[in-house]
Structures are given as C-alpha cells and as structure tokens.
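So this block is structure.cif, mmCIF, C-alpha atoms:
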data_entry
loop_
_atom_site.group_PDB
_atom_site.id
_atom_site.type_symbol
_atom_site.label_atom_id
_atom_site.label_comp_id
_atom_site.auth_asym_id
_atom_site.auth_seq_id
_atom_site.Cartn_x
_atom_site.Cartn_y
_atom_site.Cartn_z
ATOM 1 C CA MET P 86 140.320 84.707 98.423
ATOM 2 C CA TYR P 87 137.166 86.013 96.798
ATOM 3 C CA LEU P 88 134.816 88.819 97.837
ATOM 4 C CA ILE P 89 131.298 88.675 96.407
ATOM 5 C CA GLY P 90 128.480 91.149 96.921
ATOM 6 C CA ASP P 91 124.867 91.669 95.913
ATOM 7 C CA ILE P 92 123.583 95.232 96.277
ATOM 8 C CA GLY P 93 119.795 95.251 96.387
ATOM 9 C CA ASN P 94 117.261 97.980 97.049
ATOM 10 C CA THR P 95 116.640 96.775 100.605
ATOM 11 C CA GLU P 96 119.783 94.960 101.684
ATOM 12 C CA ILE P 97 123.327 94.191 100.626
ATOM 13 C CA LYS P 98 124.817 90.721 100.996
ATOM 14 C CA ILE P 99 128.597 90.398 101.120
ATOM 15 C CA PHE P 100 130.373 87.029 101.229
ATOM 16 C CA LEU P 101 134.065 86.320 101.658
ATOM 17 C CA TYR P 102 135.193 82.939 100.288
ATOM 18 C CA ASN P 103 138.533 81.260 100.840
ATOM 19 C CA GLU P 104 140.629 79.718 98.065
ATOM 20 C CA LYS P 105 138.585 76.503 98.252
ATOM 21 C CA PHE P 106 135.347 78.502 97.911
ATOM 22 C CA TYR P 107 134.169 77.920 101.463
ATOM 23 C CA ILE P 108 132.419 80.845 103.177
ATOM 24 C CA LYS P 109 134.804 82.635 105.523
ATOM 25 C CA LYS P 110 132.549 85.585 106.350
ATOM 26 C CA ARG P 111 128.971 86.622 105.615
ATOM 27 C CA VAL P 112 127.626 90.148 106.210
ATOM 28 C CA ILE P 113 124.191 91.661 105.594
ATOM 29 C CA LEU P 114 123.951 95.456 105.320
ATOM 30 C CA LYS P 115 120.958 97.791 105.096
ATOM 31 C CA THR P 116 121.118 99.635 101.778
ATOM 32 C CA LYS P 117 119.539 102.813 103.129
ATOM 33 C CA LEU P 118 122.267 103.108 105.790
ATOM 34 C CA ILE P 119 125.223 102.934 103.414
ATOM 35 C CA ASN P 120 127.919 105.515 104.115
ATOM 36 C CA ASN P 121 131.637 105.377 104.934
ATOM 37 C CA LYS P 122 131.139 105.196 108.709
ATOM 38 C CA TYR P 123 128.662 102.317 108.412
ATOM 39 C CA LEU P 124 130.929 100.469 105.975
ATOM 40 C CA SER P 125 133.935 100.969 108.279
ATOM 41 C CA GLN P 126 132.009 99.276 111.088
ATOM 42 C CA LYS P 127 130.522 96.408 109.079
ATOM 43 C CA LEU P 128 133.491 95.635 106.849
ATOM 44 C CA SER P 129 136.283 96.010 109.401
ATOM 45 C CA PHE P 130 137.078 92.292 108.988
ATOM 46 C CA LEU P 131 138.583 93.075 105.582
ATOM 47 C CA LYS P 132 141.708 94.506 107.188
ATOM 48 C CA PHE P 133 142.710 90.940 108.066
ATOM 49 C CA TYR P 134 142.220 89.611 104.534
ATOM 50 C CA LYS P 135 142.818 92.492 102.120
ATOM 51 C CA LYS P 136 146.206 91.169 100.958
ATOM 52 C CA LYS P 137 144.718 87.727 100.299
ATOM 53 C CA ILE P 138 141.724 88.890 98.239
ATOM 54 C CA ASN P 139 142.507 88.636 94.535
ATOM 55 C CA LYS P 140 139.040 88.830 92.952
ATOM 56 C CA ILE P 141 135.979 90.921 93.798
ATOM 57 C CA LEU P 142 132.659 90.658 91.961
ATOM 58 C CA PHE P 143 129.430 92.503 92.785
ATOM 59 C CA SER P 144 125.978 92.726 91.283
ATOM 60 C CA SER P 145 124.127 95.967 91.889
ATOM 61 C CA VAL P 146 120.732 97.482 91.186
ATOM 62 C CA VAL P 147 121.521 100.625 93.215
ATOM 63 C CA PRO P 148 124.200 102.629 91.343
ATOM 64 C CA SER P 149 124.622 105.200 94.134
ATOM 65 C CA SER P 150 125.330 102.522 96.758
ATOM 66 C CA PHE P 151 127.686 100.671 94.424
ATOM 67 C CA LYS P 152 129.602 103.896 93.846
ATOM 68 C CA ILE P 153 130.006 104.469 97.605
ATOM 69 C CA ILE P 154 131.163 100.895 98.251
ATOM 70 C CA LYS P 155 133.517 100.893 95.264
ATOM 71 C CA LYS P 156 135.147 104.117 96.429
ATOM 72 C CA PHE P 157 135.310 102.931 100.041
ATOM 73 C CA LEU P 158 137.029 99.630 99.194
ATOM 74 C CA LYS P 159 139.452 101.369 96.857
ATOM 75 C CA PHE P 160 140.643 104.023 99.313
ATOM 76 C CA LYS P 161 140.280 102.066 102.565
ATOM 77 C CA TYR P 162 141.664 98.703 101.504
ATOM 78 C CA CYS P 163 143.088 99.223 97.970
ATOM 79 C CA LEU P 164 140.581 96.724 96.584
ATOM 80 C CA SER P 165 138.973 97.060 93.144
ATOM 81 C CA ILE P 166 135.437 95.833 92.398
ATOM 82 C CA ILE P 167 134.222 94.326 89.144
ATOM 83 C CA GLU P 168 130.480 94.773 88.521
ATOM 84 C CA LEU P 169 128.721 91.869 86.832
ATOM 85 C CA LYS P 170 127.721 93.802 83.715
ATOM 86 C CA SER P 171 131.340 94.711 82.994
ATOM 87 C CA VAL P 172 132.137 90.999 82.652
ATOM 88 C CA ILE P 173 131.979 89.330 79.215
ATOM 89 C CA LEU P 174 128.939 87.155 79.892
ATOM 90 C CA LYS P 175 128.707 85.231 76.605
ATOM 91 C CA LYS P 176 130.521 82.186 77.968
ATOM 92 C CA PHE P 177 128.053 81.980 80.856
ATOM 93 C CA ILE P 178 124.725 82.842 79.266
ATOM 94 C CA ASN P 179 123.142 83.918 75.997
ATOM 95 C CA ILE P 180 121.154 87.057 76.803
ATOM 96 C CA THR P 181 118.568 87.591 74.071
ATOM 97 C CA VAL P 182 117.425 90.998 75.355
ATOM 98 C CA ASN P 183 119.179 94.301 76.044
ATOM 99 C CA LYS P 184 121.187 93.540 79.193
ATOM 100 C CA LYS P 185 121.110 97.230 80.133
ATOM 101 C CA GLN P 186 117.399 96.751 80.789
ATOM 102 C CA VAL P 187 117.905 93.746 83.090
ATOM 103 C CA GLY P 188 119.038 94.009 86.709
ATOM 104 C CA SER P 189 122.429 92.481 87.494
ATOM 105 C CA ASP P 190 120.838 90.364 90.219
ATOM 106 C CA ARG P 191 118.428 88.835 87.694
ATOM 107 C CA ILE P 192 121.300 87.991 85.336
ATOM 108 C CA ALA P 193 123.232 86.406 88.222
ATOM 109 C CA ASN P 194 120.144 84.389 89.197
ATOM 110 C CA ALA P 195 119.806 83.106 85.639
ATOM 111 C CA ILE P 196 123.472 82.135 85.475
ATOM 112 C CA ALA P 197 123.133 80.327 88.798
ATOM 113 C CA VAL P 198 120.456 77.940 87.479
ATOM 114 C CA ILE P 199 121.792 77.300 83.962
ATOM 115 C CA ASP P 200 122.792 73.701 83.331
ATOM 116 C CA ASN P 201 122.072 73.416 79.556
ATOM 117 C CA LYS P 202 119.664 70.555 80.302
ATOM 118 C CA PHE P 203 116.503 72.071 81.711
ATOM 119 C CA ASN P 204 114.406 75.197 81.416
ATOM 120 C CA TYR P 205 113.908 77.392 84.466
ATOM 121 C CA ILE P 206 111.715 80.163 85.768
ATOM 122 C CA VAL P 207 113.462 82.013 88.579
ATOM 123 C CA LEU P 208 110.971 83.605 90.951
ATOM 124 C CA ASP P 209 112.624 86.197 93.204
ATOM 125 C CA PHE P 210 110.681 87.670 96.138
ATOM 126 C CA GLY P 211 112.660 90.860 96.599
ATOM 127 C CA THR P 212 111.665 94.526 96.634
ATOM 128 C CA ALA P 213 109.921 93.550 93.409
ATOM 129 C CA THR P 214 108.568 90.094 92.595
ATOM 130 C CA THR P 215 110.411 89.034 89.462
ATOM 131 C CA PHE P 216 110.083 86.088 87.087
ATOM 132 C CA ASP P 217 113.057 85.327 84.842
ATOM 133 C CA VAL P 218 112.898 82.807 82.005
ATOM 134 C CA VAL P 219 115.881 80.610 81.141
ATOM 135 C CA ILE P 220 115.637 78.070 78.307
ATOM 136 C CA LYS P 221 118.740 75.850 78.294
ATOM 137 C CA ASN P 222 121.505 78.514 78.189
ATOM 138 C CA LYS P 223 119.350 81.389 76.926
ATOM 139 C CA TYR P 224 117.941 84.221 79.012
ATOM 140 C CA LEU P 225 114.660 85.322 77.408
ATOM 141 C CA GLY P 226 113.599 88.126 79.748
ATOM 142 C CA GLY P 227 110.926 88.091 82.388
ATOM 143 C CA VAL P 228 108.178 89.736 84.394
ATOM 144 C CA ILE P 229 108.388 92.370 87.136
ATOM 145 C CA ALA P 230 105.484 92.651 89.584
ATOM 146 C CA PRO P 231 105.167 94.641 92.842
ATOM 147 C CA GLY P 232 107.059 93.101 95.752
ATOM 148 C CA VAL P 233 105.048 91.405 98.499
ATOM 149 C CA SER P 234 106.648 93.280 101.390
ATOM 150 C CA LEU P 235 106.680 96.627 99.573
ATOM 151 C CA SER P 236 103.008 96.272 98.645
ATOM 152 C CA LEU P 237 102.060 95.370 102.200
ATOM 153 C CA GLN P 238 103.986 98.279 103.715
ATOM 154 C CA THR P 239 102.492 100.686 101.174
ATOM 155 C CA LEU P 240 98.982 99.487 102.046
ATOM 156 C CA ILE P 241 99.640 99.849 105.778
ATOM 157 C CA SER P 242 101.099 103.345 105.352
ATOM 158 C CA LYS P 243 98.245 104.569 103.144
ATOM 159 C CA ALA P 244 95.269 102.988 104.950
ATOM 160 C CA SER P 245 94.753 104.429 108.430
ATOM 161 C CA LEU P 246 92.688 101.516 109.731
ATOM 162 C CA ILE P 247 95.097 98.758 108.681
ATOM 163 C CA PRO P 248 97.563 97.949 111.485
ATOM 164 C CA PRO P 249 101.030 96.382 111.044
ATOM 165 C CA ILE P 250 100.546 92.827 109.801
ATOM 166 C CA THR P 251 102.872 89.837 109.498
ATOM 167 C CA LEU P 252 101.986 87.707 106.503
ATOM 168 C CA SER P 253 101.467 83.977 106.938
ATOM 169 C CA LYS P 254 99.816 81.079 105.159
ATOM 170 C CA THR P 255 96.063 80.858 105.471
ATOM 171 C CA SER P 256 93.666 78.136 104.379
ATOM 172 C CA LYS P 257 90.664 80.461 104.424
ATOM 173 C CA VAL P 258 89.929 82.875 101.614
ATOM 174 C CA ILE P 259 87.264 84.942 103.378
ATOM 175 C CA GLY P 260 88.744 86.956 106.229
ATOM 176 C CA THR P 261 86.621 87.660 109.303
ATOM 177 C CA ASN P 262 88.555 90.762 110.411
ATOM 178 C CA THR P 263 91.083 93.237 109.011
ATOM 179 C CA ASP P 264 94.091 91.082 109.870
ATOM 180 C CA THR P 265 92.809 87.864 108.279
ATOM 181 C CA ALA P 266 91.321 89.709 105.299
ATOM 182 C CA VAL P 267 94.663 91.344 104.471
ATOM 183 C CA LYS P 268 96.559 88.073 104.988
ATOM 184 C CA SER P 269 94.138 86.308 102.685
ATOM 185 C CA GLY P 270 94.365 89.039 100.060
ATOM 186 C CA PHE P 271 98.138 88.885 99.931
ATOM 187 C CA TYR P 272 98.529 85.128 100.273
ATOM 188 C CA TRP P 273 95.862 84.092 97.783
ATOM 189 C CA GLY P 274 96.335 87.177 95.621
ATOM 190 C CA TYR P 275 100.039 86.535 95.091
ATOM 191 C CA THR P 276 99.430 82.793 94.761
ATOM 192 C CA GLY P 277 97.041 83.562 91.908
ATOM 193 C CA LEU P 278 99.500 86.001 90.341
ATOM 194 C CA ILE P 279 102.340 83.465 90.532
ATOM 195 C CA GLU P 280 100.310 80.577 89.132
ATOM 196 C CA ASN P 281 98.927 82.677 86.286
ATOM 197 C CA VAL P 282 102.276 84.189 85.247
ATOM 198 C CA ILE P 283 103.948 80.761 85.215
ATOM 199 C CA LYS P 284 101.035 79.348 83.220
ATOM 200 C CA LEU P 285 101.210 82.167 80.668
ATOM 201 C CA ILE P 286 104.993 81.864 80.294
ATOM 202 C CA SER P 287 104.632 78.131 79.642
ATOM 203 C CA LYS P 288 101.840 78.772 77.151
ATOM 204 C CA GLN P 289 103.743 81.471 75.272
ATOM 205 C CA THR P 290 107.021 79.554 75.046
ATOM 206 C CA LYS P 291 105.459 76.077 74.752
ATOM 207 C CA LYS P 292 107.997 74.794 77.263
ATOM 208 C CA LYS P 293 107.990 73.086 80.641
ATOM 209 C CA TYR P 294 109.991 74.579 83.488
ATOM 210 C CA LYS P 295 111.561 73.884 86.822
ATOM 211 C CA ILE P 296 110.712 76.697 89.223
ATOM 212 C CA VAL P 297 113.462 78.137 91.425
ATOM 213 C CA LEU P 298 112.377 80.406 94.272
ATOM 214 C CA THR P 299 114.609 82.869 96.085
ATOM 215 C CA GLY P 300 114.112 85.870 98.347
ATOM 216 C CA GLY P 301 112.307 86.556 101.589
ATOM 217 C CA PHE P 302 108.864 85.077 100.937
ATOM 218 C CA SER P 303 109.980 81.897 99.150
ATOM 219 C CA TYR P 304 108.918 79.785 102.118
ATOM 220 C CA LEU P 305 105.407 81.217 102.032
ATOM 221 C CA PHE P 306 104.597 80.200 98.455
ATOM 222 C CA LYS P 307 106.822 77.145 97.885
ATOM 223 C CA ASN P 308 104.102 74.529 98.347
ATOM 224 C CA MET P 309 101.495 76.486 96.380
ATOM 225 C CA ILE P 310 103.277 76.139 93.029
ATOM 226 C CA ILE P 311 102.464 73.175 90.828
ATOM 227 C CA GLY P 312 105.467 71.280 89.457
ATOM 228 C CA LYS P 313 109.119 70.888 90.373
ATOM 229 C CA THR P 314 110.024 73.662 92.831
ATOM 230 C CA ILE P 315 113.410 74.424 94.413
ATOM 231 C CA VAL P 316 114.205 77.084 97.031
ATOM 232 C CA LYS P 317 117.644 78.724 96.900
ATOM 233 C CA LYS P 318 118.212 81.282 99.650
ATOM 234 C CA ASP P 319 121.272 83.013 98.169
ATOM 235 C CA LEU P 320 120.779 82.365 94.469
ATOM 236 C CA THR P 321 122.312 85.655 93.322
ATOM 237 C CA ILE P 322 125.468 84.934 95.305
ATOM 238 C CA GLU P 323 125.586 81.442 93.745
ATOM 239 C CA GLY P 324 125.493 83.021 90.292
ATOM 240 C CA LEU P 325 128.262 85.466 91.136
ATOM 241 C CA LEU P 326 130.355 82.640 92.572
ATOM 242 C CA LYS P 327 129.851 80.640 89.378
ATOM 243 C CA ILE P 328 131.163 83.595 87.374
ATOM 244 C CA ILE P 329 134.129 84.467 89.587
ATOM 245 C CA LYS P 330 135.361 80.865 89.474
ATOM 246 C CA ASN P 331 135.787 81.289 85.719
ATOM 247 C CA LEU P 332 137.162 84.813 85.501
#
Show me this structure written as structure tokens.
Amino acid sequence: MYLIGDIGNTEIKIFLYNEKFYIKKRVILKTKLINNKYLSQKLSFLKFYKKKINKILFSSVVPSSFKIIKKFLKFKYCLSIIELKSVILKKFINITVNKKQVGSDRIANAIAVIDNKFNYIVLDFGTATTFDVVIKNKYLGGVIAPGVSLSLQTLISKASLIPPITLSKTSKVIGTNTDTAVKSGFYWGYTGLIENVIKLISKQTKKKYKIVLTGGFSYLFKNMIIGKTIVKKDLTIEGLLKIIKNL
C-alpha cells in the first residue's frame, strides 16, 4: 500500500492507496492544528494498515508540520516518510531553476501534468495564487501572487466596515454596495491578473499552453480563461502518485 501526503499552509491532504492504486482512505487535516493528539485522532486508521504500507511520499511547504508528522509516524507506527525533494527527480522532470526555491507542491503539480507533448501553465489557487510553466518535460519556474482567500480575509480583518463576504461570480463590474463592490473587485481583479499573467508568459516564451487549474477557487475562474482549460482537484496528489509508482 502507499501513503501520500501534501502539507500546505492551510490544510494537509493524506491519501492511502491500495496495491492497485485505488483510494482506500482520504483525510483532510488543518495545518494550524497539527500536534500529536490531533494526529492520533485523525490518523488512527493507520493502525489497521501499517504493516501493509511499503512506500510513503509527502510534499511539504511547512517544514515544522512535516517534522511533527514525520516524527509521529516514525514513533507511533514505525513508518518512514520520503519528502519529494529528497527524490532524484531527473527522470520525472527537468527543473531549470534552483529547486530549493520552488515549493514541493509546485514541483508535484508540474510532474502531474507532464506528458512530453504539450506545454502547460498550472494555476494553483492555494494560500498563494501560483502559476507554474512546463514546456514539454521542462519546468521553467513561475509566478507567485497573493492568494484569493488570504487577500479577502486580510481585507476583512483590516477594514472595519467590510463584513464577512463569500466570493461568487458576478456579471457586473460596478458594485452598488460594499458586498457587491468587494465581490466585483476580487472576481474581476483576479480575472484580469490571471489573463494578463498567462498572456505575458505566452509572449515571453513564444509558446502556446494548456491551462490546468487546481485549488479552492478553480471553479470560480475556470470559464473566464481563454483557451484549453482543465480543472484537477487534487493535482499535487496526482503528481506524488506518479512519482511513487516509479520509485
């Protein structure tokens, strides 16, 4: 069996796959809550499978949380984690930048889409909004912009007169009250940011791309992007699975 995990700034996804790579268990944890007691509660299912798990691969952008989970799995279940960046990645992807400066989740996303036929821009709506550029089997780097949710929560916390707001699509640009004005600002503002960044990447590289969206707000912007667009909910996990199958 195979245990795969993606440790992000907001949440942690952990998947248990059987020997045929079908999902046996899926768990979502809150990163800020990570401690041994919380892990004991959420990962108690591992006691039934620990002797069957022969490979564990995680990606992590939160070293402190990874350290806690690694130690917990080692002492609680005698399981050892491999972190993505400790894997020899050359057979999966040609990284043309310093991989120490690229989040493991972004590398996993790039590996997930590689097919050696097409070029891709991976747009991830996470804590940050990231754009990663993949040309055939080469990872060129990308763009990091403020995350949609983080930006909204920061605005709400800093502006006394702005109430909690749930973002949604809007056809109108000019808002008639605080709620619709903020929704418009975020929806059309991020739409403009996305369109412009994709346009500039295409211009700079002189390439055409398929756009792959992942992360929480993928659904909100999917139909606003010109060109071939695909939504992949658990793209990082797909990349990790692709790697672990060949370890």
I'd like the neighbourhood of Gly93 of chain P as number ranges by chain, where a residue qualifies if any of its atoms comes within 8 Å (using only C-alpha atoms), though same-chain residues fewer than 3 positions away should be ignored. P: 96-97, 116, 145-147, 190
Quick one: 6 Å padding each side, axis-aligned, all listed atoms of segment 148-165 of chain P - centre and edge lengths in Å to one decimal, as lines of an AutoDock Vina configuration file?
center_x = 133.6
center_y = 101.0
center_z = 97.0
size_x = 30.9
size_y = 20.5
size_z = 23.2
Residues matched by the PyMOL selection byres ((chain P and resi 202-211) around 8), written as a VMD selection string: chain P and resid 194 to 195 198 to 201 212 to 221 232 to 233 283 292 to 303
Nearest to Ile167 of chain P, chosen from P:Leu131, P:Leu114, P:Leu320, P:Ile89, with only C-alpha atoms counted in the distances: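 Of the candidates, the smallest distance to Ile167 of chain P is held by P:Ile89.
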To one decimal in Å, tell me the separation between atom CA of Val228 of chain P and atom CA of Leu332 of chain P. 29.4 Å
With distances taken over all atoms listed in the file, which of P:Lys98, P:Lys291, P:Arg111, P:Lys175 is nearest to Ile192 of chain P?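 Of all the options, P:Lys175 lies closest to Ile192 of chain P.
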Distance query 10 Å from (97.5, 91.8, 93.8) using all atoms listed in the file, result as number ranges by chain: P: 230-233, 236, 270-278
Would you mind exporting the chosen residues as an mmCIF file, keeping the file's coordinate frame, restricted to C-alpha atoms?
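What landed in result_5.cif:
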data_model
loop_
_atom_site.group_PDB
_atom_site.id
_atom_site.type_symbol
_atom_site.label_atom_id
_atom_site.label_comp_id
_atom_site.auth_asym_id
_atom_site.auth_seq_id
_atom_site.Cartn_x
_atom_site.Cartn_y
_atom_site.Cartn_z
ATOM 1 C CA ALA P 230 105.484 92.651 89.584
ATOM 2 C CA PRO P 231 105.167 94.641 92.842
ATOM 3 C CA GLY P 232 107.059 93.101 95.752
ATOM 4 C CA VAL P 233 105.048 91.405 98.499
ATOM 5 C CA SER P 236 103.008 96.272 98.645
ATOM 6 C CA GLY P 270 94.365 89.039 100.060
ATOM 7 C CA PHE P 271 98.138 88.885 99.931
ATOM 8 C CA TYR P 272 98.529 85.128 100.273
ATOM 9 C CA TRP P 273 95.862 84.092 97.783
ATOM 10 C CA GLY P 274 96.335 87.177 95.621
ATOM 11 C CA TYR P 275 100.039 86.535 95.091
ATOM 12 C CA THR P 276 99.430 82.793 94.761
ATOM 13 C CA GLY P 277 97.041 83.562 91.908
ATOM 14 C CA LEU P 278 99.500 86.001 90.341
#
I want to know what sits within 12 Å of Leu240 of chain P, based on all atoms listed in the file, with residues of the same chain fewer than 5 positions away left out; could you give that as an MDAnalysis selection string? chainID P and resid 233:235 245:250 267 270:271
Can you give me, as JSON, numbers by chain, the residues this file yields under the PyMOL selection byres ((chain P and resi 176) around 10)? {"P": [173, 174, 175, 177, 178, 179, 222, 328, 331]}
Grab the atom CA of Tyr102 of chain P to atom CA of Lys185 of chain P distance for me, in Å with one decimal place.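 One can read the atom CA of Tyr102 of chain P to atom CA of Lys185 of chain P distance as 28.4 Å.
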State, in Å with one decimal place, the distance from atom CA of Glu104 of chain P to atom CA of Ser171 of chain P. 23.2 Å
